[in-house]
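Peer 1: Here you go, this is structure-v2.tsv (TSV, C-alpha atoms and all ligand atoms).
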```tsv
chain	number	residue	atom	x	y	z
S	28	MET	CA	33.26	20.06	-28.44
S	29	GLY	CA	32.21	17.56	-25.76
S	30	ARG	CA	29.05	15.61	-25.13
S	31	PHE	CA	27.76	18.34	-22.79
S	32	THR	CA	28.69	21.53	-24.62
S	33	ASP	CA	26.08	24.24	-23.87
S	34	LYS	CA	24.35	21.96	-21.36
S	35	ILE	CA	23.76	22.83	-17.71
S	36	VAL	CA	24.39	20.08	-15.20
S	37	ILE	CA	23.75	20.16	-11.44
S	38	VAL	CA	25.74	17.83	-9.18
S	39	THR	CA	24.86	17.80	-5.48
S	40	GLY	CA	27.78	17.14	-3.18
S	41	GLY	CA	30.34	18.03	-5.82
S	42	THR	CA	32.90	19.21	-3.29
S	43	ARG	CA	34.48	15.77	-2.78
S	44	GLY	CA	34.46	12.13	-3.78
S	45	ILE	CA	32.13	10.79	-6.46
S	46	GLY	CA	30.36	14.14	-6.95
S	47	LYS	CA	33.63	15.94	-7.55
S	48	ALA	CA	34.70	13.33	-10.11
S	49	CYS	CA	31.33	13.79	-11.88
S	50	ALA	CA	31.74	17.58	-11.91
S	51	GLU	CA	35.28	17.23	-13.32
S	52	LEU	CA	34.11	14.95	-16.12
S	53	PHE	CA	31.08	17.10	-17.06
S	54	ALA	CA	33.29	20.21	-17.06
S	55	GLN	CA	35.89	18.50	-19.28
S	56	GLU	CA	33.12	17.62	-21.71
S	57	GLY	CA	31.90	21.19	-22.03
S	58	ALA	CA	29.04	21.48	-19.52
S	59	GLN	CA	28.27	24.48	-17.33
S	60	VAL	CA	28.32	22.73	-13.95
S	61	ALA	CA	26.69	23.77	-10.67
S	62	ILE	CA	27.88	21.95	-7.57
S	63	CYS	CA	26.70	22.31	-4.00
S	64	GLY	CA	27.88	21.47	-0.52
S	65	ARG	CA	26.74	22.52	2.92
S	66	ASP	CA	29.20	25.44	3.12
S	67	ALA	CA	29.17	28.10	0.38
S	68	THR	CA	32.88	28.97	0.70
S	69	THR	CA	33.99	25.33	0.54
S	70	ALA	CA	31.74	24.78	-2.50
S	71	ALA	CA	33.04	27.90	-4.24
S	72	GLU	CA	36.67	26.86	-3.61
S	73	ALA	CA	36.01	23.31	-4.84
S	74	ALA	CA	34.32	24.67	-7.99
S	75	GLN	CA	37.22	27.01	-8.68
S	76	ALA	CA	39.69	24.15	-8.32
S	77	ILE	CA	37.77	22.06	-10.87
S	78	GLY	CA	37.57	24.69	-13.60
S	79	PRO	CA	36.19	27.96	-14.93
S	80	ASN	CA	32.88	26.48	-16.09
S	81	VAL	CA	32.01	25.20	-12.60
S	82	LYS	CA	30.10	27.27	-10.02
S	83	GLY	CA	29.78	26.35	-6.34
S	84	TYR	CA	26.74	26.98	-4.15
S	85	GLY	CA	26.06	26.52	-0.46
S	86	CYS	CA	22.94	24.41	0.05
S	87	ASP	CA	21.92	21.94	2.72
S	88	ILE	CA	19.93	19.58	0.52
S	89	SER	CA	17.97	18.23	3.48
S	90	ASP	CA	16.23	21.64	3.72
S	91	SER	CA	13.35	22.06	1.28
S	92	ALA	CA	13.48	25.90	1.22
S	93	ALA	CA	17.27	25.88	0.75
S	94	VAL	CA	16.89	23.54	-2.24
S	95	ASP	CA	14.28	25.80	-3.85
S	96	ALA	CA	16.62	28.78	-3.37
S	97	PHE	CA	19.58	26.83	-4.78
S	98	ILE	CA	17.72	25.75	-7.92
S	99	GLY	CA	16.35	29.30	-8.30
S	100	ASP	CA	19.90	30.70	-8.14
S	101	VAL	CA	21.25	28.15	-10.63
S	102	SER	CA	18.40	28.88	-13.04
S	103	LYS	CA	19.10	32.63	-12.77
S	104	ASP	CA	22.89	32.25	-13.11
S	105	LEU	CA	23.07	29.50	-15.74
S	106	GLY	CA	19.59	28.52	-16.93
S	107	ALA	CA	17.37	25.44	-16.60
S	108	PRO	CA	19.38	22.25	-16.08
S	109	TRP	CA	19.73	19.55	-18.69
S	110	ALA	CA	20.85	17.05	-16.06
S	111	LEU	CA	20.50	16.69	-12.30
S	112	VAL	CA	22.86	14.34	-10.47
S	113	ASN	CA	21.55	13.67	-6.96
S	114	ASN	CA	24.83	12.48	-5.52
S	115	ALA	CA	25.24	13.99	-2.02
S	116	GLY	CA	24.78	11.57	0.83
S	117	ILE	CA	25.89	10.73	4.37
S	118	THR	CA	26.17	7.77	6.72
S	119	ARG	CA	25.34	7.70	10.44
S	120	ASP	CA	25.89	4.02	11.18
S	121	GLY	CA	24.82	2.06	14.23
S	122	LEU	CA	23.07	-1.17	15.16
S	123	LEU	CA	19.31	-0.59	15.14
S	124	MET	CA	18.89	-1.26	18.85
S	125	ARG	CA	21.19	1.66	19.65
S	126	LEU	CA	20.28	3.91	16.71
S	127	LYS	CA	19.17	7.36	17.86
S	128	ASP	CA	16.21	9.21	16.31
S	129	GLU	CA	18.62	11.90	15.03
S	130	GLN	CA	20.79	9.32	13.26
S	131	TRP	CA	17.71	7.89	11.54
S	132	HIS	CA	16.19	11.23	10.54
S	133	GLU	CA	19.46	12.87	9.44
S	134	VAL	CA	20.16	10.06	6.97
S	135	ILE	CA	16.59	9.87	5.64
S	136	LYS	CA	16.41	13.68	5.27
S	137	THR	CA	19.80	14.03	3.60
S	138	ASN	CA	19.76	10.92	1.42
S	139	LEU	CA	16.07	10.57	0.48
S	140	ASP	CA	13.95	13.67	1.24
S	141	SER	CA	16.54	15.76	-0.64
S	142	ILE	CA	15.98	13.81	-3.83
S	143	PHE	CA	12.26	14.61	-3.73
S	144	TYR	CA	13.06	18.32	-3.10
S	145	LEU	CA	15.60	18.49	-5.94
S	146	CYS	CA	13.48	16.62	-8.48
S	147	ARG	CA	10.47	18.79	-7.64
S	148	ALA	CA	12.46	22.02	-7.83
S	149	THR	CA	13.87	21.16	-11.27
S	150	ALA	CA	10.67	19.59	-12.66
S	151	ARG	CA	9.12	22.74	-14.15
S	152	GLY	CA	12.28	23.69	-16.07
S	153	MET	CA	12.84	20.19	-17.43
S	154	LEU	CA	9.15	19.69	-18.35
S	155	LYS	CA	9.13	23.03	-20.19
S	156	GLN	CA	12.25	22.03	-22.13
S	157	ARG	CA	10.69	18.62	-22.79
S	158	GLN	CA	14.03	17.01	-22.08
S	159	GLY	CA	16.21	16.13	-19.15
S	160	ARG	CA	18.31	13.56	-17.35
S	161	ILE	CA	18.14	12.67	-13.66
S	162	ILE	CA	20.66	10.34	-12.07
S	163	ASN	CA	20.09	9.36	-8.45
S	164	MET	CA	22.88	7.84	-6.35
S	165	SER	CA	21.73	4.78	-4.46
S	166	SER	CA	24.06	2.05	-3.18
S	167	ILE	CA	24.52	-1.69	-3.13
S	168	ILE	CA	23.36	-1.32	0.49
S	169	GLY	CA	19.94	-0.20	-0.79
S	170	ILE	CA	19.64	-3.50	-2.66
S	171	ARG	CA	20.96	-6.04	-0.18
S	172	GLY	CA	21.14	-4.18	3.15
S	173	GLN	CA	23.99	-4.18	5.66
S	174	ALA	CA	24.05	-4.69	9.42
S	175	GLY	CA	24.56	-1.34	11.13
S	176	GLN	CA	23.12	0.62	8.22
S	177	SER	CA	19.33	0.24	8.49
S	178	ASN	CA	18.86	4.02	8.10
S	179	TYR	CA	21.18	4.23	5.07
S	180	ALA	CA	19.72	1.06	3.48
S	181	ALA	CA	16.16	2.40	3.91
S	182	ALA	CA	17.06	5.70	2.25
S	183	LYS	CA	19.01	4.07	-0.59
S	184	ALA	CA	16.23	1.52	-1.26
S	185	GLY	CA	13.72	4.37	-1.17
S	186	ILE	CA	15.67	6.12	-3.92
S	187	ILE	CA	15.12	3.14	-6.21
S	188	GLY	CA	11.32	3.08	-5.73
S	189	PHE	CA	11.13	6.86	-6.01
S	190	SER	CA	13.12	6.88	-9.25
S	191	LYS	CA	11.02	4.15	-10.89
S	192	ALA	CA	7.83	6.08	-10.05
S	193	TYR	CA	9.14	9.46	-11.21
S	194	ALA	CA	10.57	7.89	-14.38
S	195	GLN	CA	7.03	6.89	-15.35
S	196	GLU	CA	5.66	10.39	-14.62
S	197	VAL	CA	8.08	12.18	-16.94
S	198	ALA	CA	8.96	9.60	-19.60
S	199	SER	CA	6.61	11.08	-22.21
S	200	ARG	CA	8.52	14.40	-21.93
S	201	ASN	CA	11.87	12.82	-22.79
S	202	ILE	CA	13.10	13.08	-19.22
S	203	THR	CA	14.91	9.98	-18.02
S	204	VAL	CA	15.37	8.99	-14.37
S	205	ASN	CA	17.97	6.36	-13.55
S	206	VAL	CA	19.77	5.06	-10.50
S	207	ILE	CA	23.41	4.19	-9.91
S	208	ALA	CA	24.21	1.66	-7.20
S	209	PRO	CA	27.92	1.85	-6.38
S	210	GLY	CA	29.60	-0.88	-4.38
S	211	PHE	CA	32.78	0.01	-2.51
S	212	ILE	CA	34.35	3.21	-3.87
S	213	GLU	CA	37.47	4.90	-2.45
S	214	THR	CA	36.33	8.26	-1.02
S	215	ASP	CA	36.24	10.08	2.33
S	216	MET	CA	33.04	8.15	3.14
S	217	THR	CA	34.75	4.75	2.94
S	218	ALA	CA	38.09	5.97	4.35
S	219	ALA	CA	36.16	6.64	7.58
S	220	LEU	CA	35.72	2.83	7.94
S	221	GLY	CA	39.43	2.39	8.66
S	222	GLU	CA	42.05	0.27	6.91
S	223	ASN	CA	41.11	-3.12	8.39
S	224	ALA	CA	37.41	-2.85	7.47
S	225	MET	CA	38.34	-1.65	3.99
S	226	GLU	CA	40.66	-4.62	3.45
S	227	SER	CA	38.00	-7.11	4.52
S	228	ILE	CA	35.41	-5.54	2.16
S	229	VAL	CA	37.85	-5.55	-0.77
S	230	GLU	CA	38.49	-9.25	-0.08
S	231	LYS	CA	34.77	-9.91	-0.80
S	232	VAL	CA	34.79	-7.99	-4.10
S	233	PRO	CA	35.17	-10.42	-7.03
S	234	MET	CA	37.49	-7.89	-8.72
S	235	LYS	CA	39.59	-7.70	-5.52
S	236	ARG	CA	39.84	-3.93	-5.49
S	237	ALA	CA	37.86	-0.85	-4.51
S	238	GLY	CA	36.28	1.22	-7.26
S	239	GLN	CA	37.47	4.71	-8.14
S	240	ALA	CA	35.21	7.77	-8.09
S	241	MET	CA	35.95	8.41	-11.77
S	242	GLU	CA	34.66	4.92	-12.67
S	243	VAL	CA	31.30	5.93	-11.22
S	244	ALA	CA	31.48	9.34	-12.91
S	245	HIS	CA	31.85	7.77	-16.36
S	246	ALA	CA	28.61	5.81	-15.87
S	247	VAL	CA	26.85	8.94	-14.59
S	248	ALA	CA	28.02	10.86	-17.66
S	249	TYR	CA	26.76	8.12	-19.97
S	250	LEU	CA	23.29	8.13	-18.37
S	251	ALA	CA	23.32	11.95	-18.62
S	252	SER	CA	24.26	11.93	-22.30
S	253	GLU	CA	22.00	12.32	-25.35
S	254	GLU	CA	22.99	8.75	-26.30
S	255	ALA	CA	21.22	7.30	-23.23
S	256	GLY	CA	17.85	8.76	-24.26
S	257	TYR	CA	15.97	5.44	-24.28
S	258	ILE	CA	17.19	4.25	-20.86
S	259	THR	CA	14.92	5.08	-17.94
S	260	GLY	CA	13.94	3.56	-14.60
S	261	THR	CA	17.03	1.35	-14.48
S	262	VAL	CA	19.44	0.60	-11.65
S	263	LEU	CA	23.05	0.32	-12.78
S	264	SER	CA	25.40	-1.40	-10.33
S	265	ILE	CA	29.04	-0.32	-10.32
S	266	ASP	CA	30.55	-2.67	-7.79
S	267	GLY	CA	33.26	-4.90	-9.23
S	268	GLY	CA	30.84	-7.81	-9.00
S	269	LEU	CA	30.10	-7.42	-5.27
S	270	GLY	CA	26.34	-7.60	-5.84
S	271	ILE	CA	26.35	-10.68	-8.06
T	1	LIG	P1	31.76	11.77	0.41
T	1	LIG	O1	31.52	11.66	1.89
T	1	LIG	O2	33.14	11.68	-0.10
T	1	LIG	O3	31.12	13.15	-0.12
T	1	LIG	C1	29.80	13.47	0.23
T	1	LIG	C2	29.39	14.74	-0.50
T	1	LIG	O4	28.04	15.05	-0.12
T	1	LIG	C3	30.26	15.93	-0.13
T	1	LIG	O5	30.49	16.70	-1.29
T	1	LIG	C4	29.38	16.70	0.86
T	1	LIG	O6	29.63	18.08	0.76
T	1	LIG	C5	27.98	16.40	0.33
T	1	LIG	N1	26.93	16.54	1.35
T	1	LIG	C6	26.73	15.78	2.44
T	1	LIG	N2	25.68	16.21	3.12
T	1	LIG	C7	25.17	17.26	2.43
T	1	LIG	C8	24.06	18.14	2.64
T	1	LIG	N3	23.23	18.02	3.69
T	1	LIG	N4	23.84	19.11	1.72
T	1	LIG	C9	24.66	19.25	0.66
T	1	LIG	N5	25.71	18.44	0.40
T	1	LIG	C10	25.97	17.47	1.30
T	1	LIG	O7	30.80	10.68	-0.25
T	1	LIG	P2	31.00	9.76	-1.56
T	1	LIG	O8	31.55	10.57	-2.67
T	1	LIG	O9	31.65	8.51	-1.14
T	1	LIG	O10	29.47	9.40	-1.85
T	1	LIG	C11	28.69	10.09	-2.83
T	1	LIG	C12	27.36	9.35	-2.93
T	1	LIG	O11	27.59	8.01	-3.35
T	1	LIG	C13	26.57	9.28	-1.63
T	1	LIG	O12	25.19	9.41	-1.88
T	1	LIG	C14	26.88	7.89	-1.12
T	1	LIG	O13	25.86	7.40	-0.28
T	1	LIG	C15	26.97	7.13	-2.44
T	1	LIG	N6	27.71	5.88	-2.35
T	1	LIG	C16	29.04	5.90	-2.03
T	1	LIG	C17	29.74	4.70	-1.95
T	1	LIG	C18	31.20	4.63	-1.62
T	1	LIG	O14	31.71	3.51	-1.50
T	1	LIG	N7	31.91	5.72	-1.47
T	1	LIG	C19	29.08	3.42	-2.18
T	1	LIG	C20	27.69	3.53	-2.53
T	1	LIG	C21	27.05	4.73	-2.61
T	1	LIG	P3	30.07	19.00	2.02
T	1	LIG	O15	30.80	18.12	3.00
T	1	LIG	O16	30.94	20.04	1.38
T	1	LIG	O17	28.79	19.53	2.55
```
Output the file's structure in the form of structure tokens.

Peer 2:
Amino acid sequence: MGRFTDKIVIVTGGTRGIGKACAELFAQEGAQVAICGRDATTAAEAAQAIGPNVKGYGCDISDSAAVDAFIGDVSKDLGAPWALVNNAGITRDGLLMRLKDEQWHEVIKTNLDSIFYLCRATARGMLKQRQGRIINMSSIIGIRGQAGQSNYAAAKAGIIGFSKAYAQEVASRNITVNVIAPGFIETDMTAALGENAMESIVEKVPMKRAGQAMEVAHAVAYLASEEAGYITGTVLSIDGGLGI
């Protein structure tokens, strides 16, 4: 018996990185897990590799209708979710002066609009159950900004305001809404920066190392657990001290 036995958990972007680590941990602890990625086959293969109680779905979370269909399918296949982990996200970096409209909109749609779509699509089920856990993935960049990431910083800061507002709307129904703000975590997203950039960021981290996806997953699992029932509207930094 694990903390999530008989519970249904949705993790967006569970095909790789932090989302995959979350899905692995929830599955180990007994949950029925639904993950999604943009491609259905990739998501199904990733789910199969994680374990038998994980199901993969194709869903572009930046598309409102696709999100409604995804949540409808999960509800039919597994039932109403206990927890929703809004993890999927992208970067399209560039200095503001040269930033293209598409780079701005793609990041806002994928990283921020999606969270509204997913929370709205799961709201009825959670409200009916009078319980639920929502964990939204922000970033240290949403708190202190970063040159070359105005689009990403805007989306990640937006997630914090959104979560604090929604937390107040659903608190009386025992639904908690919290935010995780990772610092520098080793995944495909940060590998794309290249070795030199990674080394110079690590140098600035008080703990002098990058974080691991599973270190974020453990905090996500705690906030998704029954034990975290009185924590809502918070922002938990997981950054080795980078944001101090
Ligand atoms: P990765 O790039 O490793 O993985 C991103 C995941 O998001 C993939 O599973 C990808 O699935 C999915 N995804 C991307 N776009 C979409 C979309 N439109 N629809 C559905 N799924 C999508 O990222 P990380 O694991 O590093 O990051 C996870 C989250 O943590 C992100 O929100 C990121 O901003 C945040 N974060 C990460 C930090 C880090 O240092 N790594 C630091 C701070 C925050 P697929 O490709 O299969 O579609």

Peer 1: Within 12 Å of (31.9, 23.3, 2.5) (coordinates as in the file), grab all the protein and nucleic acid residues, counting only C-alpha atoms, and write them out as a PyMOL selection string.

Peer 2: chain S and resi 39-43+62-74+83-87

Peer 1: Name all residues at most 9 Å from S:Gly152 (count only C-alpha atoms; drop same-chain ones fewer than 5 positions away) and give them as a PyMOL selection string.

Peer 2: chain S and resi 102+106-109+157

Peer 1: With distances taken over all atoms listed in the file, which residue among S:Ala184, S:Lys155, S:Asn178, S:Glu226 lies nearest S:Glu129?

Peer 2: S:Asn178

Peer 1: Could you check which of S:Ile202, S:Ile35, S:Ala181, S:Leu105 is closest to S:Gln158, using all atoms listed in the file?

Peer 2: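 Of S:Ile202, S:Ile35, S:Ala181, S:Leu105, the one nearest S:Gln158 is S:Ile202, counting all atoms listed in the file.
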
Peer 1: Can I get the residues of chain S within 8 Å of ligand LIG 1 (chain T), each with the closest pair of atoms and their distance in Å to one decimal, using all atoms listed in the file, sorted chain first then ascending number, as a tab-separated table?

Peer 2:
```
residue	atom	partner	partner_atom	distance
S:Thr39	CA	T:LIG1	N5	6.0
S:Gly40	CA	T:LIG1	O5	3.3
S:Gly41	CA	T:LIG1	O5	4.7
S:Thr42	CA	T:LIG1	O5	4.0
S:Arg43	CA	T:LIG1	O5	4.4
S:Gly44	CA	T:LIG1	O8	3.5
S:Ile45	CA	T:LIG1	O8	3.8
S:Gly46	CA	T:LIG1	O8	5.7
S:Lys47	CA	T:LIG1	O5	7.0
S:Cys63	CA	T:LIG1	C9	5.9
S:Gly64	CA	T:LIG1	O17	3.7
S:Arg65	CA	T:LIG1	O17	3.6
S:Asp66	CA	T:LIG1	O16	5.9
S:Thr69	CA	T:LIG1	O16	6.2
S:Ala70	CA	T:LIG1	O16	6.2
S:Gly85	CA	T:LIG1	C9	7.5
S:Cys86	CA	T:LIG1	C9	5.5
S:Asp87	CA	T:LIG1	N4	3.6
S:Ile88	CA	T:LIG1	N4	4.1
S:Ser89	CA	T:LIG1	N3	5.3
S:Asp90	CA	T:LIG1	N3	7.9
S:Asn113	CA	T:LIG1	O12	7.6
S:Asn114	CA	T:LIG1	O12	4.8
S:Ala115	CA	T:LIG1	O4	3.5
S:Gly116	CA	T:LIG1	O12	3.5
S:Ile117	CA	T:LIG1	C6	5.5
S:Thr118	CA	T:LIG1	O13	7.0
S:Thr137	CA	T:LIG1	N3	5.3
S:Asn138	CA	T:LIG1	O12	6.5
S:Met164	CA	T:LIG1	O12	5.3
S:Ser165	CA	T:LIG1	C21	5.6
S:Ser166	CA	T:LIG1	C20	4.0
S:Ile167	CA	T:LIG1	C20	6.1
S:Ile168	CA	T:LIG1	C20	7.2
S:Tyr179	CA	T:LIG1	O13	7.8
S:Lys183	CA	T:LIG1	O13	7.6
S:Ala208	CA	T:LIG1	C20	6.1
S:Pro209	CA	T:LIG1	C20	4.2
S:Gly210	CA	T:LIG1	C19	4.9
S:Phe211	CA	T:LIG1	O14	3.8
S:Ile212	CA	T:LIG1	O14	3.6
S:Glu213	CA	T:LIG1	N7	5.7
S:Thr214	CA	T:LIG1	O9	4.7
S:Asp215	CA	T:LIG1	O2	4.3
S:Met216	CA	T:LIG1	O1	4.0
S:Thr217	CA	T:LIG1	N7	5.3
S:Gly238	CA	T:LIG1	O14	7.7
S:Ala240	CA	T:LIG1	O8	7.1
```

Peer 1: Can you measure atom CA of S:Gly270 to atom CA of S:Arg171 for me? One decimal in Å is fine.

Peer 2: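 Computing it gives 8.0 Å between the two atoms.
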
Peer 1: So, counting all atoms listed in the file, which residue among S:Leu111, S:Leu126, S:Val229, S:Val134 is closest to S:Val60?

Peer 2: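 Nearest to S:Val60: S:Leu111.
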
Peer 1: For each of S:Asn201, S:Thr261, S:Gln195, S:Asn80, take the minimum atom-to-atom distance to S:Gln156, counting only C-alpha atoms, then give the residue where this is smallest.

Peer 2: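 Smallest separation from S:Gln156 among the options: S:Asn201.
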
Peer 1: If you take all atoms listed in the file and a cut-off of 10 Å, which residues of stretch 29-86 of chain S touch stretch 245-250 of chain S, and what are their nearest atom pairs and distances in Å to one decimal, in chain and number order, as CSV?

Peer 2:
```
residue,atom,partner,partner_atom,distance
S:Arg30,CA,S:Ala248,CA,8.9
S:Phe31,CA,S:Ala248,CA,9.1
S:Ile45,CA,S:Val247,CA,9.9
S:Gly46,CA,S:Val247,CA,9.9
S:Ala48,CA,S:His245,CA,8.8
S:Cys49,CA,S:Val247,CA,7.1
S:Ala50,CA,S:Ala248,CA,9.6
S:Leu52,CA,S:Ala248,CA,7.5
S:Phe53,CA,S:Ala248,CA,7.0
S:Glu56,CA,S:Ala248,CA,9.4
```

Peer 1: Taking only C-alpha atoms into account, which of S:Ala110, S:Ala182, S:Val197, S:Met234 comes nearest S:Glu133?

Peer 2: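 Smallest distance to S:Glu133 is found for S:Ala182.
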
Peer 1: So that I can see what lies close to S:Ile271, please list as a PyMOL selection string the residues with an atom at most 10 Å from it, counting all atoms listed in the file and leaving out residues fewer than 4 positions away in the same chain.

Peer 2: chain S and resi 232-233+264+266-267

Peer 1: From the set S:Ile170, S:Val243, S:Ala219, S:Gly256, which residue has the shortest atom-to-atom contact distance to S:Ser199, counting all atoms listed in the file?

Peer 2: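 With all atoms listed in the file as the atom set, the closest residue is S:Gly256.
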
Peer 1: Please report the interatomic distance between atom CA of S:Gly159 and atom CA of S:Val36 in Å with one decimal.

Peer 2: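 Separation of atom CA of S:Gly159 and atom CA of S:Val36: 9.9 Å.
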
Peer 1: Would you place a box with edges along x, y and z of the file around all atoms of stretch 140-158 of chain S listed there, add 4 Å to each of its six sides, and report the centre and edge lengths in Å to one decimal, as JSON?

Peer 2:
```
{"center_x": 12.8, "center_y": 18.7, "center_z": -10.8, "size_x": 15.4, "size_y": 18.0, "size_z": 32.0}
```
